[in-house]
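J.: Following this message is one structure expressed as structure tokens.
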Amino acid sequence: MIELERVSYHYPESEPALKEVSFSVAQNEHVVLLGANGCGKTTLLRILNGLIFPQQGAYRYESEPVTPRRLRDKSWSRRFRSEVVLLFQHPEAMLFNPTVYDEIAYGLRQLGVDDLHGRVRCWADRLGVEQQLQRPPLHLSGGEKQKVCLAALLALEPQLLLLDEPTANLDPRSTGWLIDFLQDLRVTTVATTHNLSLAGELGDRVLVLSEEHELIFDGRMEDLLGDEEKLLAANLVHSHRHGSSRDKRFHVHDWS
Amino acid sequence: MHIPDGFIAPQMYLPAYGAAIGLWAYGLRRLRTALREETIPRLAVLTAFCFVLMMVMLPLPGGTSAHATGIALLAILFGVWTAFISVSLVLLLQALLFGAGGVTALALNALAMGLVGSAAARYSYLLLRRVHEGFGLVVAGWLSVNAAALLMALALGSQPLLAHAEDGQPLFFPFGLSITLPAVMIPHALVGIGEGVLTLLMFRLLSQRGWVSQP
Amino acid sequence: MTARIALLAYLAAIVLGTTVHAIGPLALGLALVLALAGREWLRILRRACVAILLFNVVITLSYGIISTLQGSFSLEFVALVNLRVLLLTCLTFLFVFRVNPFDALAFSRSLTFLFTLAYSQSMAFKQALEDFRLAFKSRRIEPVGLRDRYRHSARMGAYFLDKSLHQAGEITQAMRSRGFFDD
């Protein structure tokens, strides 16, 4: 479905954010992108969403290169923007319509779908925000805002759902709910997290970005957990002295 | 309204600095008595607000855009002095940290945008809201841009009169009022409408939020 | 202390640059500024040129057309004004590159604090603004109309003001906790 070939990206006048990253994702895969803060996860998702473009390397969606030029083609851009969607880490950034209803309907109206009302209600129901439809989105709590954003994105029936730290701002109950929800979803997903203990829940294939902005692992969670060296290198686990013991021990902490 | 250094004569920018320094001191003292401990934090965050709003696009028809200022909103919600100091600080940040916008024009810009612009906005709003609040907000936004633009057009247009060589050649900004007035005012008349609409929309969103207290 | 002297020297140089009206001394001044810039002279010159390009090209071209029509065109004026603007802008960039402006303002504790706080908040907001922009781009399937663009701009404005006031409260508490108001 998507392929990245030696993709490098750097922001103007600063260090590289991604170095020669290559991988591909097939239909219906659930991929987790794991890495410490500042390793380039958000940058990578923005590239996958066609918001920024790598200076080197190539990114292809359904074998078509995603470039500014390609996106100037209206019909292709329409297809890409409705099929590949991104849930931002801070949902506030995505909300600007007067009511939750308008927010969910925003993309559907652009696509001109027939049963607008039914589609909005259906996704509001599935995400449990049907009571909020007439409220302004900025009055909602953080978790509710995220649900509204998800409803708005999923209502488009996308092919690829990108999620940037979807659990970072949620309490444990909402986190549990979201994980269950995503597991039932029949959409290809790429989710990022810095939380090793949640990575296994967000997907079945794990990609690890190191603090040097390189892809250092691509495989199953079980194999990653056995690889102490990589976990320490990617700053995903830490070691410290425990109690009265003088030995340093490394272990996974839940630091969400 | 970012005028680089070298277009304004010292005959104008030096007195402008004199006036601005006096007004900055007066404004800060007034705010300190009113806000006490909150003075510095509040001015700092409102400066940041003003800074970021100047990067927000003001959509114009045909897919083009200009920069918003947010000065009318600041003046209506927090008063002329807060707006004046915040705008001045934004100009200082832009000049000192990014080298954007001239230092010589800074005081003049601060007086035009921060003081005249915000006073025009606040008082027109207070006057017109009795007739119609929305109308008052749009007019306030429009005036905040256009009162400042008028002052800058007058300042630029008087450069050839203020400073010229013996043979009459200009030394700084070369055009007189007959050129600066239409060249500056016509585009700003349009941009002002955008600022007015944006002021109205932001004010409405903030009233929904329930914390817009009546000035 | 040295930063304050640099600030005063910089301001004096700016004023001097606007009182000299001869091409020779201004060119000499520019050479001096670039010499002071040392190895960074090219970077400073380039950034200054980019900063003034638009305004100066517009003014120079319109001056060229209007004054030719009026029969008063003076090449000396074109050279003088462009040289002056370039000199003053290079001077500013030299100052910005060499002196930490926070140090230059250190004569007043409140002013330094205000400036630092305003700067860090501005940078945080700038980053959030980028998020807003990209999110809007991401959700845009069809080219957007004026109405949506206004809604979006207004929403951002309201968000930042909301955030500002919340932050003001937080910062005041933090300052109180650290004893800023005690003396």
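In the structure tokens, chains take the letters A, B, ... in the order shown, each chain's residues start at 1, and ligands count up from 1 in the order shown.
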Identify every residue of chain C that has at least one atom within 7 Å of any atom of chain B, counting only C-alpha atoms, and report the result as a PyMOL selection string.

T.: chain C and resi 18+52+77+81+84-85+88-89+92-93+96+101+114+117-118+121-122+125-126+146+149-150+153-155+157-158+160-161+164+168+171-172

J.: Enumerate as a short mmCIF file (atom, residue, chain, number, x, y, z; two decimals) with N, CA, C and O atoms, in the first residue's frame all residues of segment 169-219 of chain A assigned to helix (DSSP H, G or I) by DSSP on the backbone, naming them with the chain letters and numbers the document uses.

T.:
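And here's result_38.cif as it stands now:
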```cif
data_model
loop_
_atom_site.label_atom_id
_atom_site.label_comp_id
_atom_site.auth_asym_id
_atom_site.auth_seq_id
_atom_site.Cartn_x
_atom_site.Cartn_y
_atom_site.Cartn_z
N PRO A 172 -6.10 6.26 31.74
CA PRO A 172 -6.05 4.80 31.50
C PRO A 172 -7.35 4.23 30.94
O PRO A 172 -7.32 3.38 30.05
N ARG A 173 -8.51 4.72 31.41
CA ARG A 173 -9.76 4.15 30.92
C ARG A 173 -9.93 4.44 29.42
O ARG A 173 -10.24 3.55 28.64
N SER A 174 -9.68 5.70 29.04
CA SER A 174 -9.82 6.06 27.62
C SER A 174 -8.79 5.33 26.78
O SER A 174 -9.07 4.95 25.64
N THR A 175 -7.58 5.13 27.34
CA THR A 175 -6.55 4.41 26.60
C THR A 175 -7.04 3.00 26.28
O THR A 175 -6.94 2.53 25.15
N GLY A 176 -7.61 2.34 27.28
CA GLY A 176 -8.14 0.99 27.09
C GLY A 176 -9.21 0.97 26.03
O GLY A 176 -9.23 0.12 25.13
N TRP A 177 -10.11 1.96 26.12
CA TRP A 177 -11.19 2.05 25.15
C TRP A 177 -10.64 2.20 23.72
O TRP A 177 -11.06 1.51 22.79
N LEU A 178 -9.67 3.11 23.58
CA LEU A 178 -9.12 3.40 22.25
C LEU A 178 -8.45 2.17 21.65
O LEU A 178 -8.61 1.86 20.47
N ILE A 179 -7.69 1.45 22.49
CA ILE A 179 -6.99 0.26 21.99
C ILE A 179 -8.01 -0.77 21.49
O ILE A 179 -7.87 -1.31 20.39
N ASP A 180 -9.07 -1.00 22.27
CA ASP A 180 -10.12 -1.93 21.82
C ASP A 180 -10.73 -1.46 20.51
O ASP A 180 -10.95 -2.25 19.59
N PHE A 181 -11.01 -0.18 20.46
CA PHE A 181 -11.65 0.38 19.27
C PHE A 181 -10.80 0.17 18.02
O PHE A 181 -11.28 -0.26 16.98
N LEU A 182 -9.49 0.47 18.18
CA LEU A 182 -8.59 0.36 17.02
C LEU A 182 -8.43 -1.09 16.58
O LEU A 182 -8.30 -1.38 15.39
N GLN A 183 -8.46 -2.02 17.57
CA GLN A 183 -8.28 -3.43 17.21
C GLN A 183 -9.45 -3.95 16.38
O GLN A 183 -9.28 -4.83 15.55
N ASP A 184 -10.65 -3.38 16.59
CA ASP A 184 -11.82 -3.83 15.83
C ASP A 184 -11.91 -3.18 14.46
O ASP A 184 -12.75 -3.54 13.65
N LEU A 196 6.72 1.84 25.28
CA LEU A 196 6.98 0.46 24.91
C LEU A 196 5.88 -0.48 25.38
O LEU A 196 5.49 -1.42 24.69
N SER A 197 5.33 -0.20 26.57
CA SER A 197 4.35 -1.14 27.11
C SER A 197 3.03 -1.08 26.35
O SER A 197 2.23 -2.00 26.44
N LEU A 198 2.80 0.01 25.58
CA LEU A 198 1.56 0.07 24.81
C LEU A 198 1.74 -0.37 23.37
O LEU A 198 0.77 -0.65 22.67
N ALA A 199 3.00 -0.43 22.93
CA ALA A 199 3.27 -0.67 21.52
C ALA A 199 2.64 -1.98 21.04
O ALA A 199 2.05 -2.04 19.97
N GLY A 200 2.73 -2.99 21.87
CA GLY A 200 2.19 -4.28 21.48
C GLY A 200 0.68 -4.27 21.30
O GLY A 200 0.12 -5.09 20.58
N GLU A 201 0.03 -3.31 21.96
CA GLU A 201 -1.43 -3.24 21.87
C GLU A 201 -1.88 -2.47 20.64
O GLU A 201 -2.99 -2.64 20.16
N LEU A 202 -1.02 -1.58 20.16
CA LEU A 202 -1.43 -0.72 19.05
C LEU A 202 -1.19 -1.34 17.69
O LEU A 202 -1.62 -0.80 16.68
#
```

J.: Taking only C-alpha atoms into account, find every residue of chain A that has an atom no more than 8 Å from chain C, and write it out as a ChimeraX atom specification.

T.: /A:49-51,74,77-79,81-82,85-86,88,93-94,96-97,107,110-111

J.: Got time to write the residues from that selection, N, CA and C atoms, as a PDB file, in the first residue's frame?

T.:
```pdb
ATOM      1  N   ASN A  49       1.421  11.483   5.304  1.00  0.00           N
ATOM      2  CA  ASN A  49       0.173  12.184   5.033  1.00  0.00           C
ATOM      3  C   ASN A  49       0.317  13.229   3.905  1.00  0.00           C
ATOM      4  N   GLY A  50       1.505  13.317   3.327  1.00  0.00           N
ATOM      5  CA  GLY A  50       1.701  14.264   2.223  1.00  0.00           C
ATOM      6  C   GLY A  50       1.633  15.717   2.650  1.00  0.00           C
ATOM      7  N   LEU A  51       2.047  15.996   3.879  1.00  0.00           N
ATOM      8  CA  LEU A  51       2.025  17.387   4.356  1.00  0.00           C
ATOM      9  C   LEU A  51       3.379  18.034   4.154  1.00  0.00           C
ATOM     10  N   LYS A  74      -5.835  17.627  -9.205  1.00  0.00           N
ATOM     11  CA  LYS A  74      -6.992  17.705  -8.295  1.00  0.00           C
ATOM     12  C   LYS A  74      -7.620  16.358  -7.994  1.00  0.00           C
ATOM     13  N   SER A  77      -5.285  14.278  -5.794  1.00  0.00           N
ATOM     14  CA  SER A  77      -5.157  14.843  -4.459  1.00  0.00           C
ATOM     15  C   SER A  77      -6.428  14.593  -3.655  1.00  0.00           C
ATOM     16  N   ARG A  78      -7.572  14.693  -4.336  1.00  0.00           N
ATOM     17  CA  ARG A  78      -8.852  14.406  -3.697  1.00  0.00           C
ATOM     18  C   ARG A  78      -8.879  12.970  -3.182  1.00  0.00           C
ATOM     19  N   ARG A  79      -8.378  12.064  -4.033  1.00  0.00           N
ATOM     20  CA  ARG A  79      -8.359  10.659  -3.638  1.00  0.00           C
ATOM     21  C   ARG A  79      -7.396  10.464  -2.462  1.00  0.00           C
ATOM     22  N   ARG A  81      -6.166  12.629  -0.249  1.00  0.00           N
ATOM     23  CA  ARG A  81      -6.575  13.289   1.002  1.00  0.00           C
ATOM     24  C   ARG A  81      -7.748  12.594   1.678  1.00  0.00           C
ATOM     25  N   SER A  82      -8.586  11.908   0.891  1.00  0.00           N
ATOM     26  CA  SER A  82      -9.707  11.225   1.544  1.00  0.00           C
ATOM     27  C   SER A  82      -9.339   9.801   1.941  1.00  0.00           C
ATOM     28  N   VAL A  85      -5.514   9.531   6.050  1.00  0.00           N
ATOM     29  CA  VAL A  85      -5.875  10.572   7.021  1.00  0.00           C
ATOM     30  C   VAL A  85      -4.986  10.478   8.250  1.00  0.00           C
ATOM     31  N   LEU A  86      -4.811  11.601   8.914  1.00  0.00           N
ATOM     32  CA  LEU A  86      -3.901  11.676  10.059  1.00  0.00           C
ATOM     33  C   LEU A  86      -4.603  12.262  11.277  1.00  0.00           C
ATOM     34  N   PHE A  88      -3.878  14.055  14.503  1.00  0.00           N
ATOM     35  CA  PHE A  88      -2.775  14.788  15.113  1.00  0.00           C
ATOM     36  C   PHE A  88      -2.698  14.500  16.609  1.00  0.00           C
ATOM     37  N   ALA A  93      -5.709  21.070  17.211  1.00  0.00           N
ATOM     38  CA  ALA A  93      -5.186  21.589  15.954  1.00  0.00           C
ATOM     39  C   ALA A  93      -6.101  21.271  14.781  1.00  0.00           C
ATOM     40  N   MET A  94      -6.962  20.240  14.956  1.00  0.00           N
ATOM     41  CA  MET A  94      -7.762  19.796  13.813  1.00  0.00           C
ATOM     42  C   MET A  94      -9.167  20.380  13.807  1.00  0.00           C
ATOM     43  N   PHE A  96     -12.094  23.197  13.918  1.00  0.00           N
ATOM     44  CA  PHE A  96     -12.350  24.617  13.706  1.00  0.00           C
ATOM     45  C   PHE A  96     -13.787  24.897  13.309  1.00  0.00           C
ATOM     46  N   ASN A  97     -14.620  23.838  13.204  1.00  0.00           N
ATOM     47  CA  ASN A  97     -16.007  24.062  12.805  1.00  0.00           C
ATOM     48  C   ASN A  97     -16.861  24.435  14.006  1.00  0.00           C
ATOM     49  N   GLY A 107     -15.411  16.744   6.020  1.00  0.00           N
ATOM     50  CA  GLY A 107     -14.820  16.035   4.884  1.00  0.00           C
ATOM     51  C   GLY A 107     -15.893  15.447   3.975  1.00  0.00           C
ATOM     52  N   GLN A 110     -17.229  17.869   1.547  1.00  0.00           N
ATOM     53  CA  GLN A 110     -16.304  18.103   0.435  1.00  0.00           C
ATOM     54  C   GLN A 110     -16.394  16.988  -0.597  1.00  0.00           C
ATOM     55  N   LEU A 111     -16.622  15.772  -0.107  1.00  0.00           N
ATOM     56  CA  LEU A 111     -16.723  14.644  -1.027  1.00  0.00           C
ATOM     57  C   LEU A 111     -18.102  14.579  -1.670  1.00  0.00           C
TER      58      LEU A 111
END
```

J.: Please determine the contact residues of chain A with respect to chain B at a cut-off of 9 Å, counting only C-alpha atoms, and supply them as a VMD selection string.

T.: chain A and resid 98 136 138 to 139

J.: Identify which of the residues B:Ala189, B:Met12, B:Ala183, B:Leu28 lies closest to Leu162 of chain B, counting only C-alpha atoms when measuring atom-to-atom distances.

T.: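 Looking only at the distances to Leu162 of chain B, the closest residue turns out to be B:Met12.
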
J.: Skipping near chain neighbours, those fewer than 6 positions away, what residues fall within 10 Å of Asn37 of chain A using only C-alpha atoms, listed as a compact mmCIF listing (two decimals) with all heavy atoms, in the first residue's frame?

T.:
```txt
# COMPACT_ATOMS: atom_id res chain seq x y z
N THR A 193 4.10 5.78 19.02
CA THR A 193 4.08 5.89 20.47
C THR A 193 5.52 5.90 20.99
O THR A 193 6.42 5.40 20.32
CB THR A 193 3.27 4.76 21.14
OG1 THR A 193 3.28 4.96 22.54
CG2 THR A 193 3.86 3.40 20.84
N HIS A 194 5.71 6.49 22.16
CA HIS A 194 7.02 6.40 22.79
C HIS A 194 6.95 5.41 23.94
O HIS A 194 7.90 5.25 24.69
CB HIS A 194 7.46 7.78 23.30
CG HIS A 194 6.54 8.33 24.35
ND1 HIS A 194 5.38 8.99 24.03
CD2 HIS A 194 6.60 8.28 25.70
CE1 HIS A 194 4.77 9.33 25.16
NE2 HIS A 194 5.48 8.91 26.18
N ASN A 195 5.78 4.77 24.08
CA ASN A 195 5.51 3.94 25.23
C ASN A 195 5.61 2.46 24.87
O ASN A 195 4.72 1.90 24.23
CB ASN A 195 4.11 4.29 25.73
CG ASN A 195 3.81 3.64 27.05
OD1 ASN A 195 4.30 2.55 27.33
ND2 ASN A 195 3.01 4.29 27.85
N SER A 210 15.51 5.14 16.03
CA SER A 210 16.50 5.42 17.07
C SER A 210 16.59 6.92 17.30
O SER A 210 16.04 7.71 16.53
CB SER A 210 17.86 4.90 16.65
OG SER A 210 18.36 5.72 15.61
N GLU A 211 17.32 7.32 18.33
CA GLU A 211 17.49 8.75 18.58
C GLU A 211 18.41 9.37 17.53
O GLU A 211 18.51 10.59 17.45
CB GLU A 211 18.04 8.97 19.99
CG GLU A 211 16.98 8.70 21.02
CD GLU A 211 17.39 9.14 22.41
OE1 GLU A 211 18.40 8.61 22.91
OE2 GLU A 211 16.71 9.99 22.97
N ASN A 235 16.42 4.33 23.56
CA ASN A 235 15.91 5.04 24.74
C ASN A 235 14.47 4.65 25.04
O ASN A 235 13.64 5.48 25.41
CB ASN A 235 16.03 6.56 24.52
CG ASN A 235 15.93 7.33 25.82
OD1 ASN A 235 15.96 6.73 26.90
ND2 ASN A 235 15.77 8.63 25.73
N LEU A 236 14.18 3.36 24.87
CA LEU A 236 12.83 2.89 25.15
C LEU A 236 12.73 2.25 26.53
O LEU A 236 11.65 2.07 27.07
CB LEU A 236 12.41 1.87 24.09
CG LEU A 236 12.24 2.48 22.69
CD1 LEU A 236 12.08 1.39 21.65
CD2 LEU A 236 11.05 3.42 22.67
```

J.: Enumerate the residues of segment 3-229 of chain A with a DSSP assignment of strand (DSSP E), computed from the backbone, and present them as an MDAnalysis selection string.

T.: chainID A and resid 3:10 16:25 30:35 56:61 64:65 84:87 160:163 188:193 205:209 215:219

J.: Within 10 Å of Leu44 of chain A, counting only C-alpha atoms, which residues show up once you throw out same-chain ones fewer than 6 positions away? Write them as a list of chain:residue names, please.

T.: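 Here the qualifying residues turn out to be A:Val7, A:Ser8, A:Tyr9, A:Ala17, A:Leu18, A:Val21, A:Leu33, A:Gly50, A:Ile52, A:Phe53, A:Pro54, A:Asp164, A:Thr192.
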